[in-house]
Amino acid sequence: MTNTENLSPDERYDLGAHGRELILDARKIKVDFKVEGGVVNAVRDVSFQLHKGETIALVGESGSGKSVTARTIMRLLTKRATVSKDSKLMLKGRNIYEMPEAEVRKLRGNDVSMIFQEPMSSLNPVYTIGQQLCEVLHLHNRISRAEAMRRAEKLLEEVQIPEPGARLRSYPHQLSGGQRQRVMIAMALANRPDILIADEPTTALDVTVQAQILNLIKDLKAKYGMAVILITHDLTIVKQFSDYVYVMQHGKVQEHNTTEALFANPRHAYTKHLLASEPKGQAKPIEADSPTILQGDKVKVSFTLKRGGAFKPDFFQLVAVDSLSLNLKKHETLGLVGESGSGKTTFGQALIRLIGNQGGQIFFDGQSIHDKNREQMRPLRQRMQIVFQDPFASLNPRMSIRQILEEGLIVNGIGANSRDRVDRVRAALRDSGMPDNILSRFPHEFSGGQRQRIAIARAIALEPEFILLDEPTSALDLSVQSQIIELLRKLQDERGLSYLFISHDLKVVRALCHRVMVMQHGKVVEEGPVEAVLTNPTTDYTRRLVRAAFEIAA
């Protein structure tokens, strides 16, 4: 269609109109990836401009080329990628693709910094948070170790991490998903860059902290005159925090305009589709006499943490799950909501015996499992599956998609032969909304949202009765969220599945869950039918969550 071509000219409509200095000018960015059986055109003739002190947003579905475009700016593409010679990326008047590698290394972190989508894949698991923050500071500043540590603590304080001094001595696995994301933001802001690329910066954060983090980035932007490139699938965030929007699909910019104009009058069919996408519907009622599949009775989980230095260690008990009880029926979806660090994931993992509990009883389909060891749990593993929050950390980077999905089938003796197993793998991929011809590809070749769907495919390939879903839609854009909700509903109807759905996205919880439990500091503060709790919350904490999810978004 010729008229859609006119919606994305190379120059933005307000270029030079507000007198701000042009800091980044990208023209005709084209990136191809060599893959088995051909070439993928990941980014095709993308042009955009960024002025000092403003925020532009790149929006679009998973796989639309948003993150590849961002990585092009920092020259962080894999060896398989080829950037066209016609591509121009002018930073303060210099073409980034004509700079020697030594200059580009100085540029990263100093001039341009990036917050990546998946914090667990970006943080080094063998170093403490303090060591990793200090490394970033030392790379670009000549300061003492003590001064670096002081600055690191200040950075953690700035991104609202509680007890920043103690957290400097923590390792990434000891922090919740939301806290890890905040550490990534602290690292990116350490050297006060001119341009901050935020790739889904609030994906792992609950709604109340989302607003705090985005306001923090907004305040720092105003304070230091920093420019921000915001990559997100959350149109609420785009509307509130960006000045100009580029809508991407299939590696191309389909439409761009000022935020106000784009939301008021979307012209491209794809933009209209994105703006109309929102989790809808509600869970089908379950039978009143439906039997219980998972039961927890006064489950307690605590961790021993260390404060103080090596010579004066101070050990203390952190009760992450404080004597909680839960009853999940067959065919039911129970939502577990609360802020980062409230104990949702710990409770979920204790219920399926991925971590030990220090008290209480757990029953699966009438059978006690709290007293079973790892070996005794193995026969039950096929019947209970989990989809983790961070797909990059849970998918083995050295294994192909076929190996990842087939592994569980082999371990559990499912499938008559190799051909039957591959058929099951292909069916699981199709069911999760992925093409079935990706078996020889690897996790790093997919976008965050696509990896999340592969993780869902791995879980459903084993045909379980119960799935623990830990933030399964957090990395997905709105239109794909709707598809995943429909998929989970369909699988529940067809296979009689039960879900424990851990999330901070109350819109998705309302669309998918029958009941909801609200957690804070390891305790349940409110529970009941999802519509009753979200429409008429009885505690201040739940009211705050609901307001952050629905009213601020409106």
# chains A, B, ... in the order shown; residues from 1 in each chain; ligands from 1
call {"tool": "select_by_dssp", "arguments": {"residues": "stretch 148-344 of chain A", "states": "strand (DSSP E or B)", "output": "PyMOL selection string"}}
result
chain A and resi 195-199+227-232+244-249+252-258+292-307+314-329+333-337
call {"tool": "residues_around", "arguments": {"residues": "stretch 142-154 of chain A", "least_positions_apart": "3", "cutoff": "12 Å", "atoms": "only C-alpha atoms", "output": "MDAnalysis selection string"}}
result
chainID A and resid 128:139 157:169 183:191
call {"tool": "closest_atom_pairs", "arguments": {"of": "stretch 250-363 of chain A", "to": "stretch 55-69 of chain A", "cutoff": "10 Å", "atoms": "only C-alpha atoms", "output": "JSON lines"}}
result
{"residue": "A:His250", "atom": "CA", "partner": "A:Ser64", "partner_atom": "CA", "distance": 4.7}
{"residue": "A:Gly251", "atom": "CA", "partner": "A:Gly65", "partner_atom": "CA", "distance": 4.7}
{"residue": "A:Lys252", "atom": "CA", "partner": "A:Ser64", "partner_atom": "CA", "distance": 7.5}
{"residue": "A:Val253", "atom": "CA", "partner": "A:Leu58", "partner_atom": "CA", "distance": 9.0}
{"residue": "A:Gln254", "atom": "CA", "partner": "A:Gly60", "partner_atom": "CA", "distance": 9.7}
{"residue": "A:His256", "atom": "CA", "partner": "A:Leu58", "partner_atom": "CA", "distance": 9.3}
{"residue": "A:Thr258", "atom": "CA", "partner": "A:Ile56", "partner_atom": "CA", "distance": 9.0}
{"residue": "A:Thr259", "atom": "CA", "partner": "A:Ala57", "partner_atom": "CA", "distance": 8.8}
{"residue": "A:Tyr270", "atom": "CA", "partner": "A:Gly60", "partner_atom": "CA", "distance": 9.0}
{"residue": "A:Thr271", "atom": "CA", "partner": "A:Gly60", "partner_atom": "CA", "distance": 8.6}
{"residue": "A:Leu274", "atom": "CA", "partner": "A:Gly60", "partner_atom": "CA", "distance": 7.7}
call {"tool": "residues_around", "arguments": {"residues": "stretch 490-504 of chain A", "least_positions_apart": "3", "cutoff": "9 Å", "atoms": "only C-alpha atoms", "output": "number ranges by chain"}}
result
A: 204-207, 293-294, 328-340, 344-345, 348, 431, 460, 463-474, 485-487, 507-509, 512-513, 545, 549
call {"tool": "closest_residue", "arguments": {"among": "A:Met434, A:Ala459, A:Val319, A:Met384", "to": "A:Ser447", "atoms": "only C-alpha atoms"}}
result
A:Met434
call {"tool": "atom_distance", "arguments": {"atom1": "atom CA of A:Asp86", "atom2": "atom CA of A:Ser47"}}
result
11.8 Å
call {"tool": "atom_distance", "arguments": {"atom1": "atom CA of A:Leu123", "atom2": "atom CA of A:His173"}}
result
9.6 Å
call {"tool": "decode", "arguments": {"residues": "stretch 503-537 of chain A", "atoms": "N, CA and C atoms", "output": "mmCIF file, in the first residue's frame"}}
result
data_model
loop_
_atom_site.group_PDB
_atom_site.id
_atom_site.type_symbol
_atom_site.label_atom_id
_atom_site.label_comp_id
_atom_site.auth_asym_id
_atom_site.auth_seq_id
_atom_site.Cartn_x
_atom_site.Cartn_y
_atom_site.Cartn_z
ATOM 1 N N SER A 503 2.211 -12.960 39.285
ATOM 2 C CA SER A 503 2.318 -11.795 38.389
ATOM 3 C C SER A 503 2.237 -10.492 39.167
ATOM 4 N N HIS A 504 2.762 -9.432 38.530
ATOM 5 C CA HIS A 504 2.524 -8.093 39.078
ATOM 6 C C HIS A 504 1.583 -7.327 38.157
ATOM 7 N N ASP A 505 1.188 -7.960 37.032
ATOM 8 C CA ASP A 505 0.312 -7.303 36.055
ATOM 9 C C ASP A 505 -1.139 -7.634 36.382
ATOM 10 N N LEU A 506 -1.802 -6.712 37.061
ATOM 11 C CA LEU A 506 -3.157 -6.990 37.539
ATOM 12 C C LEU A 506 -4.166 -7.063 36.399
ATOM 13 N N LYS A 507 -3.854 -6.456 35.254
ATOM 14 C CA LYS A 507 -4.773 -6.552 34.107
ATOM 15 C C LYS A 507 -4.824 -7.991 33.604
ATOM 16 N N VAL A 508 -3.650 -8.635 33.539
ATOM 17 C CA VAL A 508 -3.587 -10.029 33.095
ATOM 18 C C VAL A 508 -4.223 -10.935 34.142
ATOM 19 N N VAL A 509 -3.971 -10.644 35.422
ATOM 20 C CA VAL A 509 -4.555 -11.435 36.515
ATOM 21 C C VAL A 509 -6.083 -11.390 36.431
ATOM 22 N N ARG A 510 -6.638 -10.206 36.191
ATOM 23 C CA ARG A 510 -8.097 -10.067 36.109
ATOM 24 C C ARG A 510 -8.667 -10.878 34.945
ATOM 25 N N ALA A 511 -7.920 -10.913 33.821
ATOM 26 C CA ALA A 511 -8.410 -11.614 32.630
ATOM 27 C C ALA A 511 -8.296 -13.130 32.750
ATOM 28 N N LEU A 512 -7.352 -13.625 33.556
ATOM 29 C CA LEU A 512 -7.029 -15.057 33.527
ATOM 30 C C LEU A 512 -7.428 -15.831 34.784
ATOM 31 N N CYS A 513 -7.422 -15.160 35.945
ATOM 32 C CA CYS A 513 -7.533 -15.899 37.214
ATOM 33 C C CYS A 513 -8.966 -15.990 37.740
ATOM 34 N N HIS A 514 -9.213 -17.069 38.496
ATOM 35 C CA HIS A 514 -10.492 -17.229 39.190
ATOM 36 C C HIS A 514 -10.430 -16.537 40.558
ATOM 37 N N ARG A 515 -9.327 -16.813 41.279
ATOM 38 C CA ARG A 515 -9.132 -16.203 42.596
ATOM 39 C C ARG A 515 -7.770 -15.527 42.643
ATOM 40 N N VAL A 516 -7.584 -14.655 43.629
ATOM 41 C CA VAL A 516 -6.298 -13.966 43.755
ATOM 42 C C VAL A 516 -5.901 -13.871 45.227
ATOM 43 N N MET A 517 -4.588 -14.026 45.479
ATOM 44 C CA MET A 517 -4.018 -13.824 46.814
ATOM 45 C C MET A 517 -3.019 -12.682 46.717
ATOM 46 N N VAL A 518 -3.142 -11.690 47.575
ATOM 47 C CA VAL A 518 -2.250 -10.525 47.553
ATOM 48 C C VAL A 518 -1.204 -10.695 48.652
ATOM 49 N N MET A 519 0.084 -10.670 48.274
ATOM 50 C CA MET A 519 1.166 -10.886 49.240
ATOM 51 C C MET A 519 1.969 -9.622 49.516
ATOM 52 N N GLN A 520 2.400 -9.482 50.740
ATOM 53 C CA GLN A 520 3.294 -8.392 51.152
ATOM 54 C C GLN A 520 4.167 -8.902 52.298
ATOM 55 N N HIS A 521 5.497 -8.731 52.165
ATOM 56 C CA HIS A 521 6.448 -9.138 53.212
ATOM 57 C C HIS A 521 6.220 -10.578 53.695
ATOM 58 N N GLY A 522 5.979 -11.486 52.751
ATOM 59 C CA GLY A 522 5.854 -12.899 53.093
ATOM 60 C C GLY A 522 4.530 -13.326 53.686
ATOM 61 N N LYS A 523 3.569 -12.386 53.766
ATOM 62 C CA LYS A 523 2.250 -12.716 54.320
ATOM 63 C C LYS A 523 1.163 -12.451 53.268
ATOM 64 N N VAL A 524 0.018 -13.114 53.412
ATOM 65 C CA VAL A 524 -1.132 -12.834 52.548
ATOM 66 C C VAL A 524 -1.972 -11.762 53.240
ATOM 67 N N VAL A 525 -2.135 -10.612 52.579
ATOM 68 C CA VAL A 525 -2.883 -9.518 53.209
ATOM 69 C C VAL A 525 -4.346 -9.497 52.778
ATOM 70 N N GLU A 526 -4.638 -10.174 51.648
ATOM 71 C CA GLU A 526 -6.022 -10.203 51.166
ATOM 72 C C GLU A 526 -6.166 -11.329 50.150
ATOM 73 N N GLU A 527 -7.299 -11.998 50.146
ATOM 74 C CA GLU A 527 -7.559 -13.011 49.123
ATOM 75 C C GLU A 527 -9.054 -13.141 48.889
ATOM 76 N N GLY A 528 -9.398 -13.654 47.678
ATOM 77 C CA GLY A 528 -10.805 -13.828 47.344
ATOM 78 C C GLY A 528 -10.990 -13.938 45.847
ATOM 79 N N PRO A 529 -12.250 -13.976 45.376
ATOM 80 C CA PRO A 529 -12.503 -14.000 43.927
ATOM 81 C C PRO A 529 -11.883 -12.771 43.269
ATOM 82 N N VAL A 530 -11.298 -12.952 42.083
ATOM 83 C CA VAL A 530 -10.487 -11.900 41.478
ATOM 84 C C VAL A 530 -11.265 -10.599 41.270
ATOM 85 N N GLU A 531 -12.514 -10.695 40.827
ATOM 86 C CA GLU A 531 -13.295 -9.484 40.540
ATOM 87 C C GLU A 531 -13.581 -8.727 41.831
ATOM 88 N N ALA A 532 -13.893 -9.466 42.902
ATOM 89 C CA ALA A 532 -14.206 -8.829 44.187
ATOM 90 C C ALA A 532 -12.993 -8.096 44.752
ATOM 91 N N VAL A 533 -11.822 -8.745 44.708
ATOM 92 C CA VAL A 533 -10.607 -8.139 45.284
ATOM 93 C C VAL A 533 -10.167 -6.917 44.477
ATOM 94 N N LEU A 534 -10.209 -7.014 43.136
ATOM 95 C CA LEU A 534 -9.718 -5.905 42.310
ATOM 96 C C LEU A 534 -10.732 -4.766 42.189
ATOM 97 N N THR A 535 -12.014 -5.074 42.360
ATOM 98 C CA THR A 535 -13.038 -4.020 42.268
ATOM 99 C C THR A 535 -13.213 -3.318 43.606
ATOM 100 N N ASN A 536 -13.150 -4.110 44.684
ATOM 101 C CA ASN A 536 -13.405 -3.541 46.001
ATOM 102 C C ASN A 536 -12.364 -4.015 47.017
ATOM 103 N N PRO A 537 -11.086 -3.567 46.856
ATOM 104 C CA PRO A 537 -10.031 -4.026 47.775
ATOM 105 C C PRO A 537 -10.277 -3.512 49.198
#
